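Dumped entry.csv below, it's CSV, C-alpha atoms:
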```
chain,number,residue,atom,x,y,z
A,24,MET,CA,-6.3,191.2,-55.4
A,25,ARG,CA,-9.3,193.5,-55.5
A,26,VAL,CA,-8.5,197.2,-55.9
A,27,LEU,CA,-10.9,200.0,-55.5
A,28,LEU,CA,-9.8,203.1,-57.4
A,29,VAL,CA,-11.7,206.2,-56.0
A,30,ASN,CA,-12.0,209.3,-58.1
A,31,LEU,CA,-13.8,212.1,-56.4
A,32,GLY,CA,-13.4,214.7,-59.2
A,33,LEU,CA,-16.8,215.1,-60.8
A,34,VAL,CA,-16.9,213.7,-64.4
A,35,PRO,CA,-20.0,215.3,-66.0
A,36,GLY,CA,-21.9,212.9,-68.3
A,37,LEU,CA,-19.6,210.0,-67.5
A,38,ALA,CA,-21.0,206.8,-69.0
A,39,PRO,CA,-19.5,203.3,-68.9
A,40,HIS,CA,-19.2,203.0,-72.7
A,41,ASP,CA,-17.0,206.1,-73.0
A,42,PHE,CA,-15.0,205.6,-69.8
A,43,MET,CA,-11.7,205.1,-71.7
A,44,ALA,CA,-12.2,208.1,-73.9
A,45,ARG,CA,-13.2,210.4,-71.1
A,46,LEU,CA,-10.5,209.3,-68.6
A,47,PRO,CA,-7.7,207.9,-70.8
A,48,GLY,CA,-5.1,208.0,-68.1
A,49,ILE,CA,-7.2,206.1,-65.5
A,50,GLY,CA,-8.4,203.8,-68.3
A,51,ARG,CA,-4.9,202.7,-69.4
A,52,PHE,CA,-3.7,202.3,-65.8
A,53,VAL,CA,-6.7,200.1,-65.1
A,54,GLU,CA,-6.0,198.0,-68.2
A,55,ALA,CA,-2.3,197.5,-67.2
A,56,LEU,CA,-3.4,196.5,-63.7
A,57,ALA,CA,-5.8,194.0,-65.1
A,58,GLN,CA,-3.1,192.5,-67.3
A,59,ALA,CA,-1.0,192.1,-64.1
A,60,GLY,CA,-3.8,190.0,-62.6
A,61,VAL,CA,-5.5,192.7,-60.5
A,62,ARG,CA,-9.3,193.1,-60.4
A,63,VAL,CA,-10.1,196.8,-60.5
A,64,THR,CA,-13.3,198.6,-59.6
A,65,VAL,CA,-13.3,202.4,-60.4
A,66,LEU,CA,-15.6,204.3,-58.1
A,67,ALA,CA,-16.3,207.8,-59.5
A,68,ARG,CA,-18.7,210.7,-59.0
A,69,ALA,CA,-20.9,211.3,-62.0
A,70,GLU,CA,-24.3,212.8,-62.9
A,71,GLU,CA,-26.0,209.4,-63.0
A,72,PRO,CA,-25.4,206.2,-61.1
A,73,SER,CA,-24.2,203.1,-63.0
A,74,ASP,CA,-22.6,199.8,-62.5
A,75,HIS,CA,-20.8,198.3,-65.5
A,76,GLY,CA,-18.4,195.4,-65.7
A,77,GLU,CA,-16.1,194.4,-68.5
A,78,GLY,CA,-13.4,191.8,-68.1
A,79,ASN,CA,-11.4,192.6,-65.0
A,80,LEU,CA,-12.7,196.2,-64.9
A,81,ARG,CA,-15.8,197.3,-63.1
A,82,LEU,CA,-17.0,201.0,-63.3
A,83,VAL,CA,-19.3,202.2,-60.6
A,84,THR,CA,-20.6,205.8,-60.6
A,85,VAL,CA,-22.4,207.5,-57.8
A,86,ALA,CA,-24.7,210.5,-58.4
A,87,ASP,CA,-24.4,213.0,-55.6
A,88,GLY,CA,-26.0,216.2,-57.0
A,89,GLY,CA,-23.9,216.9,-60.1
A,90,ALA,CA,-21.9,219.7,-58.7
A,91,ALA,CA,-18.2,220.0,-58.1
A,92,LEU,CA,-17.2,218.8,-54.6
A,93,PRO,CA,-15.5,221.5,-52.5
A,94,PRO,CA,-12.4,219.7,-51.0
A,95,LEU,CA,-13.2,221.0,-47.5
A,96,LEU,CA,-16.8,219.7,-47.3
A,97,SER,CA,-18.8,216.5,-47.1
A,98,PRO,CA,-17.5,213.1,-46.3
A,99,VAL,CA,-19.6,212.1,-49.5
A,100,THR,CA,-21.8,209.6,-47.7
A,101,ARG,CA,-22.9,207.9,-50.8
A,102,VAL,CA,-19.4,207.3,-52.1
A,103,VAL,CA,-18.3,206.0,-48.7
A,104,SER,CA,-21.3,203.7,-48.4
A,105,ARG,CA,-20.8,202.3,-52.0
A,106,ALA,CA,-17.1,201.8,-51.3
A,107,ARG,CA,-17.8,199.7,-48.3
A,108,SER,CA,-20.3,197.6,-50.2
A,109,LEU,CA,-17.7,196.8,-52.9
A,110,ALA,CA,-15.5,194.9,-50.4
A,111,PRO,CA,-12.1,195.8,-51.7
A,112,ASP,CA,-8.7,194.4,-50.5
A,113,VAL,CA,-7.1,197.8,-50.9
A,114,VAL,CA,-8.3,201.4,-51.7
A,115,HIS,CA,-6.4,203.6,-54.1
A,116,PHE,CA,-7.6,207.1,-53.5
A,117,GLY,CA,-6.9,209.8,-56.1
A,118,GLY,CA,-5.5,213.1,-54.7
A,119,LEU,CA,-4.5,214.5,-51.4
A,120,VAL,CA,-7.1,217.3,-51.5
A,121,PHE,CA,-10.1,215.4,-50.0
A,122,PRO,CA,-9.0,214.9,-46.4
A,123,VAL,CA,-12.5,214.5,-44.9
A,124,PRO,CA,-13.6,211.7,-47.2
A,125,VAL,CA,-10.3,209.9,-46.4
A,126,VAL,CA,-11.2,209.8,-42.7
A,127,ALA,CA,-14.8,208.8,-43.6
A,128,LEU,CA,-13.5,205.9,-45.7
A,129,ARG,CA,-11.2,204.8,-42.9
A,130,ALA,CA,-14.0,204.7,-40.4
A,131,ALA,CA,-16.3,202.8,-42.8
A,132,LEU,CA,-13.9,200.1,-44.1
A,133,PRO,CA,-12.7,197.0,-42.2
A,134,GLY,CA,-9.4,197.4,-40.4
A,135,ARG,CA,-7.7,194.9,-42.8
A,136,VAL,CA,-8.3,197.2,-45.8
A,137,PRO,CA,-5.5,199.7,-46.4
A,138,ILE,CA,-6.0,203.1,-48.0
A,139,LEU,CA,-3.3,204.5,-50.3
A,140,LEU,CA,-3.4,208.1,-51.5
A,141,GLN,CA,-2.0,209.1,-54.9
A,142,HIS,CA,-0.4,212.5,-55.3
A,143,HIS,CA,-1.4,214.3,-58.5
A,144,GLY,CA,1.0,217.3,-58.3
A,145,GLU,CA,-1.0,219.4,-55.9
A,146,PRO,CA,1.0,221.4,-53.3
A,147,PRO,CA,0.4,221.0,-49.6
A,148,GLY,CA,-2.7,223.0,-48.5
A,149,SER,CA,-2.8,226.2,-46.6
A,150,GLY,CA,-5.5,227.6,-44.3
A,151,ARG,CA,-8.4,225.4,-43.5
A,152,LEU,CA,-7.5,222.8,-46.1
A,153,GLY,CA,-4.0,222.5,-44.6
A,154,VAL,CA,-5.4,222.1,-41.1
A,155,LEU,CA,-7.7,219.3,-42.3
A,156,GLN,CA,-4.9,217.6,-44.2
A,157,LYS,CA,-2.7,217.6,-41.1
A,158,ARG,CA,-5.5,216.1,-39.1
A,159,CYS,CA,-7.0,213.6,-41.6
A,160,LEU,CA,-4.3,212.3,-44.0
A,161,ARG,CA,-2.7,210.5,-41.1
A,162,SER,CA,-5.5,208.0,-41.6
A,163,ALA,CA,-3.9,206.8,-44.8
A,164,ASP,CA,-1.7,203.7,-44.9
A,165,GLY,CA,0.7,205.2,-47.4
A,166,VAL,CA,1.1,207.7,-50.2
A,167,LEU,CA,2.1,207.2,-53.8
A,168,PHE,CA,4.4,209.9,-55.2
A,169,SER,CA,6.2,209.8,-58.6
A,170,ALA,CA,9.4,210.6,-56.7
A,171,GLY,CA,9.9,210.1,-53.0
A,172,GLU,CA,11.6,213.5,-52.6
A,173,ILE,CA,8.2,215.2,-53.3
A,174,ALA,CA,6.8,213.7,-50.1
A,175,LEU,CA,9.4,215.7,-48.0
A,176,ASP,CA,7.5,219.0,-48.5
A,177,TRP,CA,4.4,217.4,-47.2
A,178,MET,CA,6.2,215.9,-44.2
A,179,ARG,CA,8.2,219.1,-43.3
A,180,GLY,CA,5.0,221.1,-43.2
A,181,GLY,CA,3.2,218.5,-41.0
A,182,HIS,CA,0.6,217.6,-43.7
A,183,LEU,CA,1.8,214.0,-43.6
A,184,PRO,CA,3.4,212.2,-40.6
A,185,TRP,CA,7.1,211.3,-41.0
A,186,SER,CA,6.1,207.7,-40.4
A,187,THR,CA,3.9,207.6,-43.5
A,188,PRO,CA,5.1,204.9,-45.9
A,189,VAL,CA,6.0,206.5,-49.3
A,190,HIS,CA,5.8,204.4,-52.5
A,191,GLU,CA,7.4,205.6,-55.7
A,192,VAL,CA,4.7,205.1,-58.4
A,193,LEU,CA,4.5,207.2,-61.5
A,194,GLU,CA,1.3,209.1,-61.9
A,195,ALA,CA,1.0,208.3,-65.6
A,196,SER,CA,2.6,206.9,-68.7
A,197,THR,CA,1.8,207.1,-72.4
A,198,ASP,CA,1.1,205.0,-75.5
A,199,LEU,CA,2.9,207.5,-77.8
A,200,ARG,CA,5.8,206.1,-79.7
A,201,PRO,CA,8.2,207.8,-82.2
A,202,SER,CA,7.4,208.2,-85.9
A,203,PRO,CA,9.9,208.4,-88.8
A,204,ARG,CA,11.7,211.6,-88.3
A,205,ALA,CA,11.7,213.0,-91.8
A,206,GLU,CA,8.0,212.3,-92.2
A,207,ALA,CA,7.3,213.9,-88.8
A,208,ARG,CA,9.2,217.1,-89.8
A,209,GLU,CA,7.2,217.3,-93.0
A,210,ARG,CA,3.9,216.9,-91.2
A,211,THR,CA,4.7,219.4,-88.4
A,212,GLY,CA,6.8,222.0,-90.2
A,213,ILE,CA,9.3,221.8,-87.3
A,214,ASP,CA,12.7,223.3,-88.3
A,215,GLY,CA,15.8,224.8,-86.6
A,216,ASP,CA,19.3,223.7,-85.8
A,217,PRO,CA,18.5,222.6,-83.2
A,218,ALA,CA,14.7,222.5,-83.2
A,219,VAL,CA,13.5,223.0,-79.6
A,220,LEU,CA,10.0,222.0,-78.6
A,221,TRP,CA,7.8,223.1,-75.7
A,222,VAL,CA,4.6,221.1,-74.9
A,223,GLY,CA,2.5,222.2,-72.0
A,224,ARG,CA,0.2,224.8,-70.4
A,225,LEU,CA,1.3,228.4,-70.8
A,226,HIS,CA,0.7,228.9,-67.1
A,227,PRO,CA,2.8,230.3,-64.2
A,228,ARG,CA,3.1,226.7,-62.7
A,229,LYS,CA,5.0,225.7,-65.9
A,230,ASP,CA,7.1,228.9,-66.0
A,231,PRO,CA,7.2,229.4,-69.8
A,232,VAL,CA,8.8,232.8,-69.2
A,233,THR,CA,12.0,231.2,-68.1
A,234,ALA,CA,11.8,228.9,-71.1
A,235,LEU,CA,11.7,231.9,-73.4
A,236,ARG,CA,14.5,233.7,-71.5
A,237,ALA,CA,16.7,230.5,-71.5
A,238,PHE,CA,16.2,230.0,-75.3
A,239,GLU,CA,17.0,233.7,-75.9
A,240,GLY,CA,20.2,233.3,-73.9
A,241,ALA,CA,21.2,230.3,-76.0
A,242,LEU,CA,20.7,232.0,-79.4
A,243,ALA,CA,24.1,233.8,-79.4
A,244,ARG,CA,25.8,230.4,-79.6
A,245,LEU,CA,23.0,228.6,-81.5
A,246,PRO,CA,21.9,231.2,-84.1
A,247,GLY,CA,20.1,228.6,-86.2
A,248,ALA,CA,17.9,227.4,-83.3
A,249,ARG,CA,14.1,227.6,-83.3
A,250,LEU,CA,11.6,227.2,-80.5
A,251,HIS,CA,8.2,225.6,-81.3
A,252,VAL,CA,5.6,226.1,-78.7
A,253,VAL,CA,2.6,223.8,-78.4
A,254,TRP,CA,0.1,224.3,-75.6
A,255,GLY,CA,-3.3,223.6,-74.2
A,256,ASP,CA,-4.5,226.1,-71.6
A,257,ALA,CA,-2.7,229.4,-72.2
A,258,PRO,CA,-3.4,232.2,-69.7
A,259,LEU,CA,0.1,233.6,-70.3
A,260,LEU,CA,-0.1,233.6,-74.1
A,261,GLY,CA,-0.4,237.4,-74.4
A,262,GLU,CA,2.5,238.1,-72.0
A,263,LEU,CA,4.7,235.6,-73.9
A,264,ARG,CA,3.8,237.0,-77.3
A,265,GLY,CA,4.8,240.4,-75.9
A,266,ILE,CA,8.2,239.1,-74.7
A,267,VAL,CA,8.9,237.7,-78.2
A,268,GLU,CA,7.8,240.8,-80.0
A,269,ARG,CA,10.0,243.0,-77.9
A,270,SER,CA,13.1,240.8,-78.4
A,271,PRO,CA,15.0,241.2,-81.7
A,272,SER,CA,16.5,237.7,-81.3
A,273,LEU,CA,13.2,235.9,-80.3
A,274,ALA,CA,11.0,237.6,-82.9
A,275,GLY,CA,12.2,235.5,-85.8
A,276,THR,CA,12.9,232.3,-83.9
A,277,VAL,CA,9.9,231.4,-81.8
A,278,ARG,CA,6.8,229.8,-83.4
A,279,PHE,CA,3.6,229.7,-81.4
A,280,ALA,CA,2.1,226.5,-83.0
A,281,GLY,CA,-1.0,226.4,-80.8
A,282,ARG,CA,-3.1,223.5,-79.8
A,283,VAL,CA,-2.3,220.1,-81.3
A,284,PRO,CA,-4.5,217.0,-81.0
A,285,HIS,CA,-3.0,214.5,-78.6
A,286,HIS,CA,-2.8,211.7,-81.1
A,287,GLU,CA,-0.6,213.9,-83.3
A,288,LEU,CA,1.9,214.8,-80.6
A,289,HIS,CA,4.2,211.9,-81.4
A,290,ASP,CA,5.1,213.6,-84.7
A,291,TRP,CA,6.1,216.8,-82.8
A,292,TYR,CA,8.3,214.9,-80.3
A,293,SER,CA,9.8,212.8,-83.1
A,294,ALA,CA,10.6,215.9,-85.3
A,295,ALA,CA,12.3,218.0,-82.7
A,296,ASP,CA,15.9,217.8,-81.5
A,297,LEU,CA,15.4,219.0,-77.9
A,298,PHE,CA,12.5,219.2,-75.5
A,299,LEU,CA,12.4,222.1,-73.1
A,300,THR,CA,10.6,222.0,-69.7
A,301,THR,CA,11.0,224.6,-67.0
A,302,SER,CA,8.4,223.7,-64.3
A,303,PRO,CA,9.4,224.6,-60.8
A,304,ALA,CA,7.3,221.6,-59.5
A,305,GLU,CA,5.5,218.7,-61.1
A,306,GLY,CA,3.7,215.5,-60.0
A,307,SER,CA,5.0,213.4,-62.9
A,308,ASN,CA,5.4,215.8,-65.9
A,309,TRP,CA,3.3,213.9,-68.4
A,310,ALA,CA,4.8,215.8,-71.4
A,311,LEU,CA,8.3,214.8,-70.4
A,312,ILE,CA,7.2,211.2,-70.1
A,313,GLU,CA,5.8,211.5,-73.7
A,314,ALA,CA,9.0,213.1,-74.9
A,315,THR,CA,11.0,210.3,-73.4
A,316,ALA,CA,8.8,207.7,-75.0
A,317,CYS,CA,9.6,209.2,-78.3
A,318,GLY,CA,13.3,209.4,-77.6
A,319,LEU,CA,13.4,213.2,-77.5
A,320,PRO,CA,16.4,214.5,-75.4
A,321,ALA,CA,15.3,217.0,-72.7
A,322,VAL,CA,16.6,220.2,-71.2
A,323,ALA,CA,14.7,220.1,-67.9
A,324,SER,CA,14.4,222.0,-64.6
A,325,ASP,CA,16.1,220.1,-61.8
A,326,ILE,CA,13.2,218.9,-59.8
A,327,PRO,CA,12.3,215.4,-58.4
A,328,ALA,CA,9.7,214.5,-61.0
A,329,ASN,CA,11.9,215.3,-63.9
A,330,ARG,CA,14.8,213.4,-62.4
A,331,ARG,CA,12.5,210.4,-61.9
A,332,VAL,CA,11.5,210.4,-65.5
A,333,THR,CA,14.8,211.0,-67.3
A,334,GLY,CA,17.4,209.7,-64.7
A,335,ASP,CA,20.7,211.0,-65.8
A,336,LEU,CA,19.7,211.3,-69.5
A,337,ALA,CA,18.8,215.0,-69.5
A,338,GLU,CA,20.6,218.3,-69.2
A,339,ARG,CA,19.2,219.9,-66.0
A,340,PHE,CA,19.3,223.4,-64.5
A,341,PRO,CA,17.9,225.1,-61.4
A,342,PRO,CA,14.3,226.1,-61.7
A,343,GLY,CA,13.8,229.7,-62.7
A,344,ASP,CA,17.4,230.2,-63.7
A,345,ALA,CA,17.3,231.3,-67.3
A,346,ALA,CA,21.1,231.7,-67.6
A,347,ALA,CA,21.7,228.2,-66.4
A,348,GLY,CA,18.9,227.0,-68.7
A,349,ALA,CA,20.6,228.7,-71.7
A,350,GLU,CA,23.9,226.8,-70.8
A,351,ALA,CA,21.9,223.6,-70.6
A,352,ILE,CA,20.4,224.1,-74.0
A,353,VAL,CA,23.8,224.7,-75.6
A,354,LYS,CA,25.3,221.6,-73.9
A,355,ALA,CA,22.3,219.5,-75.0
A,356,ALA,CA,22.6,220.7,-78.6
A,357,ALA,CA,26.2,219.6,-78.7
A,358,ARG,CA,25.4,216.0,-77.9
A,359,ALA,CA,21.9,215.6,-79.3
A,360,GLY,CA,21.7,212.7,-81.7
A,361,GLU,CA,20.5,209.1,-82.2
A,362,PRO,CA,22.6,207.5,-79.4
A,363,TRP,CA,20.9,209.7,-76.9
A,364,ARG,CA,17.5,209.1,-78.4
A,365,GLU,CA,18.0,205.3,-78.2
A,366,LYS,CA,19.0,205.4,-74.6
A,367,LEU,CA,15.9,207.4,-73.7
A,368,ARG,CA,13.6,205.0,-75.6
A,369,ALA,CA,15.3,202.1,-73.8
A,370,ARG,CA,14.8,203.8,-70.4
A,371,PHE,CA,11.1,204.3,-71.2
A,372,GLU,CA,10.4,200.7,-72.2
A,373,ALA,CA,12.2,199.4,-69.1
A,374,GLU,CA,10.9,201.8,-66.5
A,375,LEU,CA,8.1,204.1,-67.6
A,376,THR,CA,5.5,202.2,-69.5
A,377,TRP,CA,1.9,201.6,-68.3
A,378,GLU,CA,3.0,198.1,-67.4
A,379,ALA,CA,5.9,199.4,-65.3
A,380,VAL,CA,3.5,201.8,-63.5
A,381,ALA,CA,1.1,198.9,-62.8
A,382,ARG,CA,4.0,196.8,-61.4
A,383,GLU,CA,4.9,199.6,-59.1
A,384,ALA,CA,1.4,200.1,-57.9
A,385,LYS,CA,0.7,196.4,-57.4
A,386,ALA,CA,3.9,196.2,-55.2
A,387,ALA,CA,2.6,199.1,-53.2
A,388,TYR,CA,-0.8,197.5,-52.7
A,389,ALA,CA,0.8,194.2,-51.6
A,390,ALA,CA,3.1,196.0,-49.1
A,391,ALA,CA,0.2,198.0,-47.6
A,392,ILE,CA,-2.0,194.9,-47.3
A,393,ALA,CA,0.9,193.0,-45.6
A,394,ARG,CA,1.4,195.9,-43.1
A,395,ARG,CA,-2.3,195.9,-42.2
A,396,ARG,CA,-2.3,192.2,-41.6
A,397,THR,CA,0.7,192.3,-39.3
A,398,SER,CA,-0.2,195.4,-37.4
```
Take the structure from the file and write it as structure tokens.
Amino acid sequence: MRVLLVNLGLVPGLAPHDFMARLPGIGRFVEALAQAGVRVTVLARAEEPSDHGEGNLRLVTVADGGAALPPLLSPVTRVVSRARSLAPDVVHFGGLVFPVPVVALRAALPGRVPILLQHHGEPPGSGRLGVLQKRCLRSADGVLFSAGEIALDWMRGGHLPWSTPVHEVLEASTDLRPSPRAEARERTGIDGDPAVLWVGRLHPRKDPVTALRAFEGALARLPGARLHVVWGDAPLLGELRGIVERSPSLAGTVRFAGRVPHHELHDWYSAADLFLTTSPAEGSNWALIEATACGLPAVASDIPANRRVTGDLAERFPPGDAAAGAEAIVKAAARAGEPWREKLRARFEAELTWEAVAREAKAAYAAAIARRRTS
């Protein structure tokens, strides 16, 4: 099976030799597919053209001006032409925000070649983008969502036809694994009873304000608790610091730890007692996947992506409900311990590894190819 993985997000300076370092998620996914016997070509936009093969992986880059591609414009003629020349059995197209290139690909490829779109957490478009999605995305042979429920929002709004085949395929996995807990606590300085961890962007889409309010609500019954906040992008940092400074209970119990190199995060997940995630919507929730890989019990907003990752092994609460979040933290603290951690690690190894993601994707590819051949 020959799969063409199309990435239209511009990757400045992308070179074959540093592909895995620059795009680690795609790189590991491709590795896992190759191990499953799938020959993969990644077709990406970059500043310079290239064609580089290594084992079962081939990286082809197309130079088309070196600027970010507005989603509403251009069928990216060079990308479409190159895709046709690569003669894939199936196309795996990253994202639902490039509706015009999807139509252009469909017109250029042989009828036997299916196109599958991968959702990356983006909401259905509005305005002109929404109109184009409704007109163009029907050209796809199926869509990959981490949880099938997420597709309902796209179908209710008419952005995808109700007849669109939906395949549950996680957007990502991780190679992080737990480290010895005592050593991890020493390296990270994590403390608290329980020690609660937040990892993620301090952005409205992650709703860290609800995280602070939920933790604050739990402190009356968990006076020894401490919240450790690790982030990347942090547009709400000033607002969050202000909330903490104005709250007598939060002022001494919240630690803004800052940015942590990704390769060190396994220590943070291993050292904490609970993981807190409050997003109102997610594509896959990569941080929750990492926490699960390290066996860290979660208190999570009750959304499809989080249910997909943890199953019934999390304390959940309605998104945006800080009072319910506080209750969930208290309940989770009462049962946190090694048995829960072991169940999470077992779930990860069985269902959430890169190899599991590749199996799901390969099954989706095979189903799409079969549908094309019988239609």
So that I can check the surroundings of A:Arg25, please list as a PDB file with C-alpha atoms, keeping the file's coordinate frame every protein, DNA and RNA residue that reaches within 8 Å of it, counting all atoms listed in the file and ignoring chain neighbours fewer than 3 positions away.
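Generated file (selection21.pdb):
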```pdb
ATOM      1  CA  VAL A  61      -5.500 192.700 -60.500  1.00  0.00           C
ATOM      2  CA  ARG A  62      -9.300 193.100 -60.400  1.00  0.00           C
ATOM      3  CA  VAL A  63     -10.100 196.800 -60.500  1.00  0.00           C
ATOM      4  CA  THR A  64     -13.300 198.600 -59.600  1.00  0.00           C
ATOM      5  CA  PRO A 111     -12.100 195.800 -51.700  1.00  0.00           C
ATOM      6  CA  ASP A 112      -8.700 194.400 -50.500  1.00  0.00           C
ATOM      7  CA  VAL A 113      -7.100 197.800 -50.900  1.00  0.00           C
TER       8      VAL A 113
END
```
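Atom CA of A:Lys385 sits 27.8 Å away from atom CA of A:Arg179.
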Quiz item: Residues at most 9 Å from stretch 296-312 of chain A, counting only C-alpha atoms, excluding those fewer than 6 positions away in the same chain, as JSON, numbers by chain?
Solution: {"A": [142, 143, 144, 145, 146, 168, 169, 170, 173, 193, 194, 195, 196, 197, 215, 216, 217, 218, 219, 220, 221, 222, 223, 227, 228, 229, 230, 231, 232, 233, 234, 319, 320, 321, 322, 323, 324, 325, 326, 327, 328, 329, 331, 332, 333, 340, 341, 342, 343, 348, 352, 355, 356, 359, 360, 371, 375]}
Close residues, A:Leu132 itself excluded, 10 Å, all atoms listed in the file, min 4 positions apart in chain, as an mmCIF file with C-alpha atoms, in the coordinates of the input:
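Saved file result.cif follows:
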```cif
data_model
loop_
_atom_site.group_PDB
_atom_site.id
_atom_site.type_symbol
_atom_site.label_atom_id
_atom_site.label_comp_id
_atom_site.auth_asym_id
_atom_site.auth_seq_id
_atom_site.Cartn_x
_atom_site.Cartn_y
_atom_site.Cartn_z
ATOM 1 C CA VAL A 103 -18.300 206.000 -48.700
ATOM 2 C CA SER A 104 -21.300 203.700 -48.400
ATOM 3 C CA ALA A 106 -17.100 201.800 -51.300
ATOM 4 C CA ARG A 107 -17.800 199.700 -48.300
ATOM 5 C CA SER A 108 -20.300 197.600 -50.200
ATOM 6 C CA ALA A 110 -15.500 194.900 -50.400
ATOM 7 C CA PRO A 111 -12.100 195.800 -51.700
ATOM 8 C CA VAL A 113 -7.100 197.800 -50.900
ATOM 9 C CA VAL A 114 -8.300 201.400 -51.700
ATOM 10 C CA ALA A 127 -14.800 208.800 -43.600
ATOM 11 C CA LEU A 128 -13.500 205.900 -45.700
ATOM 12 C CA VAL A 136 -8.300 197.200 -45.800
ATOM 13 C CA PRO A 137 -5.500 199.700 -46.400
ATOM 14 C CA ILE A 138 -6.000 203.100 -48.000
#
```
Practice problem: Take atom CA of A:Ala386 and atom CA of A:Ala55 and report the distance between them in Å, one decimal. | Solution: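 Answer for the atom CA of A:Ala386 to atom CA of A:Ala55 separation: 13.6 Å.
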Practice problem: Go through A:Pro147, A:Pro271, A:Gly255, A:Gly261 one by one, measure the shortest atom-to-atom distance of each to A:Ala243 using all atoms listed in the file, and give the residue with the smallest value. | Solution: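 Result for the nearest residue to A:Ala243: A:Pro271.
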If you count all atoms listed in the file, which residues fall within 7 Å of A:Glu239, apart from same-chain ones fewer than 3 positions away, as a compact mmCIF listing (two decimals) with C-alpha atoms, in the coordinates of the input?
```txt
# COMPACT_ATOMS: atom_id res chain seq x y z
CA LEU A 235 11.70 231.90 -73.40
CA ARG A 236 14.50 233.70 -71.50
CA LEU A 242 20.70 232.00 -79.40
CA SER A 272 16.50 237.70 -81.30
CA LEU A 273 13.20 235.90 -80.30
```
Practice problem: Show which residues sit within 8 Å of A:Lys366, as a ChimeraX atom specification. Count only C-alpha atoms, and ignore same-chain residues fewer than 3 positions away. | Solution: /A:318,336,362-363,369-370
Quiz item: Which value, in Å to one decimal, gives the distance between atom CA of A:Ala381 and atom CA of A:Leu288?
Solution: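 Result for atom CA of A:Ala381 versus atom CA of A:Leu288: 23.9 Å, one decimal.
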